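Undergrad: Here it is, the structure in full.
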Amino acid sequence: QVQLVDSGGVLVQAGGSLRLSCAASGRTFSSYAMGWFRQSPGKEREFVAAISWTGANSYYADSVKGRFTISRDNAKNTVYLQMNSLKPEDTAVYSCAVDTSSPLRVGVNEYEYDYWGQGTQVTVSS
């Protein structure tokens with residue numbers, strides 16, 4: 001069992017920056033790939049970024065590439081999402097997730113993750 005707690009979401013102006021955190025507890029956090037997803041009102045949840053268990057590999061949605069950076073600190077059992085140059089279309093509930101099923105996989109699909117954080121609201125005003 002893994003518990004994830006997302007935090008850091010606030011109201012920010014367009015062009016601003018924000019860092020989200022996801023604190024994990026339970027099973028060995030450092031053994032698993034982690035991901036961030038987001039969901040806007042009326043839309044399906046979409047992939048944002050993912051990082052391998054070592055932190056050596058990361059993947060991004062095209063919509064955030066070059067603006068967002070995912071990172072992790074295995075000593076602190078925490079994964080981060082640094083968001084720069086925020087746009088109103090980045091407004092969403094952001095949730096982190098962990099894939100405990102396949103240690104070598106870094107998934108970009110929702111179904112590849114089996115534990116989820118509760119989500120944190122990010123609102124970007126124009």
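Here's how to read the names in the structure tokens: chain A, B, ... by the order shown, residue numbers from 1 in each chain, ligand numbers from 1 in the order shown.
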As a PyMOL selection string, please: the residues near Lys65 (chain A) (cut-off 12 Å, only C-alpha atoms, same-chain neighbours under 5 positions excluded).
TA: chain A and resi 47-50+58-60+70+82-86
Undergrad: Any chance you could list, as a ChimeraX atom specification, the residues in chain A that come up strand (DSSP E) when DSSP is run on the backbone?
TA: /A:2-7,11-13,18-26,33-39,46-51,58-60,68-73,78-83,92-99,115-116,120-125
Undergrad: Of the candidates A:Ala23, A:Ile51, A:Val12, A:Val64, which one gets nearest to Pro88 (chain A) if we count only C-alpha atoms?
TA: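 Closest to Pro88 (chain A), using only C-alpha atoms: A:Val12.
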Undergrad: Hey, what does DSSP flag as helix (DSSP H, G or I) within chain A? Can you give it to me as a PyMOL selection string?
TA: chain A and resi 29-31+88-90+110-112
Undergrad: If we count only C-alpha atoms, what is near Asn77 (chain A) at a cut-off of 12 Å, once residues fewer than 4 positions away on the same chain are taken out, given as a PyMOL selection string?
TA: chain A and resi 2-5+21-32+34+53+71-73+98
Undergrad: Store the residues picked out above in a file with N, CA and C atoms, as a compact mmCIF listing (two decimals), in the first residue's frame.
TA:
# COMPACT_ATOMS: atom_id res chain seq x y z
N VAL A 2 0.50 2.22 -0.81
CA VAL A 2 1.21 3.48 -0.89
C VAL A 2 0.21 4.61 -0.68
N GLN A 3 0.57 5.58 0.11
CA GLN A 3 -0.26 6.77 0.29
C GLN A 3 0.47 7.96 -0.32
N LEU A 4 -0.27 8.75 -1.08
CA LEU A 4 0.29 9.92 -1.75
C LEU A 4 -0.49 11.16 -1.33
N VAL A 5 0.23 12.22 -1.01
CA VAL A 5 -0.40 13.48 -0.63
C VAL A 5 0.15 14.59 -1.51
N SER A 21 4.19 19.42 -4.97
CA SER A 21 4.89 18.34 -4.28
C SER A 21 3.95 17.17 -4.08
N CYS A 22 4.53 15.99 -4.04
CA CYS A 22 3.77 14.78 -3.78
C CYS A 22 4.59 13.95 -2.81
N ALA A 23 4.09 13.84 -1.58
CA ALA A 23 4.79 13.09 -0.55
C ALA A 23 4.22 11.68 -0.48
N ALA A 24 5.11 10.69 -0.50
CA ALA A 24 4.69 9.29 -0.49
C ALA A 24 5.05 8.62 0.82
N SER A 25 4.23 7.68 1.22
CA SER A 25 4.51 6.85 2.39
C SER A 25 4.00 5.46 2.12
N GLY A 26 4.48 4.51 2.89
CA GLY A 26 4.06 3.14 2.68
C GLY A 26 5.19 2.30 2.15
N ARG A 27 5.00 1.76 0.96
CA ARG A 27 6.01 0.90 0.37
C ARG A 27 7.23 1.72 -0.09
N THR A 28 8.24 1.02 -0.55
CA THR A 28 9.51 1.66 -0.91
C THR A 28 9.32 2.58 -2.10
N PHE A 29 9.22 3.85 -1.83
CA PHE A 29 8.96 4.86 -2.84
C PHE A 29 10.00 4.84 -3.94
N SER A 30 11.26 4.68 -3.59
CA SER A 30 12.34 4.82 -4.55
C SER A 30 12.36 3.73 -5.62
N SER A 31 11.55 2.69 -5.48
CA SER A 31 11.55 1.59 -6.43
C SER A 31 10.60 1.80 -7.60
N TYR A 32 9.81 2.88 -7.59
CA TYR A 32 8.71 3.01 -8.54
C TYR A 32 8.77 4.29 -9.37
N MET A 34 6.99 7.45 -11.08
CA MET A 34 5.95 8.37 -10.60
C MET A 34 5.47 9.23 -11.77
N TRP A 53 12.22 5.49 -11.68
CA TRP A 53 12.51 5.34 -10.25
C TRP A 53 13.88 5.91 -9.89
N SER A 71 10.77 16.08 -11.03
CA SER A 71 11.97 15.62 -10.33
C SER A 71 11.55 14.84 -9.10
N ARG A 72 12.51 14.17 -8.49
CA ARG A 72 12.18 13.40 -7.29
C ARG A 72 13.36 13.40 -6.34
N ASP A 73 13.03 13.30 -5.07
CA ASP A 73 14.03 13.18 -4.01
C ASP A 73 13.68 11.92 -3.25
N VAL A 98 1.60 6.67 -8.66
CA VAL A 98 2.75 5.77 -8.61
C VAL A 98 2.39 4.45 -9.29
Undergrad: For Tyr94 (chain A), list every protein, DNA or RNA residue within 6 Å, evaluated using only C-alpha atoms, and leave out those in the same chain fewer than 2 positions away; present the list as a ChimeraX atom specification.
TA: /A:37-38,119-120
Undergrad: Suppose you want the space between CA of Asp114 (chain A) and CA of Arg19 (chain A); what is it in Å?
TA: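 Interatomic distance, CA of Asp114 (chain A) to CA of Arg19 (chain A): 23.4 Å.
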Undergrad: Calculated over only C-alpha atoms, which of the candidates A:Thr69, A:Thr91, A:Thr100, A:Gln1 has the smallest distance to Lys43 (chain A)?
TA: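 Among A:Thr69, A:Thr91, A:Thr100, A:Gln1, it is A:Thr91 that comes nearest to Lys43 (chain A).
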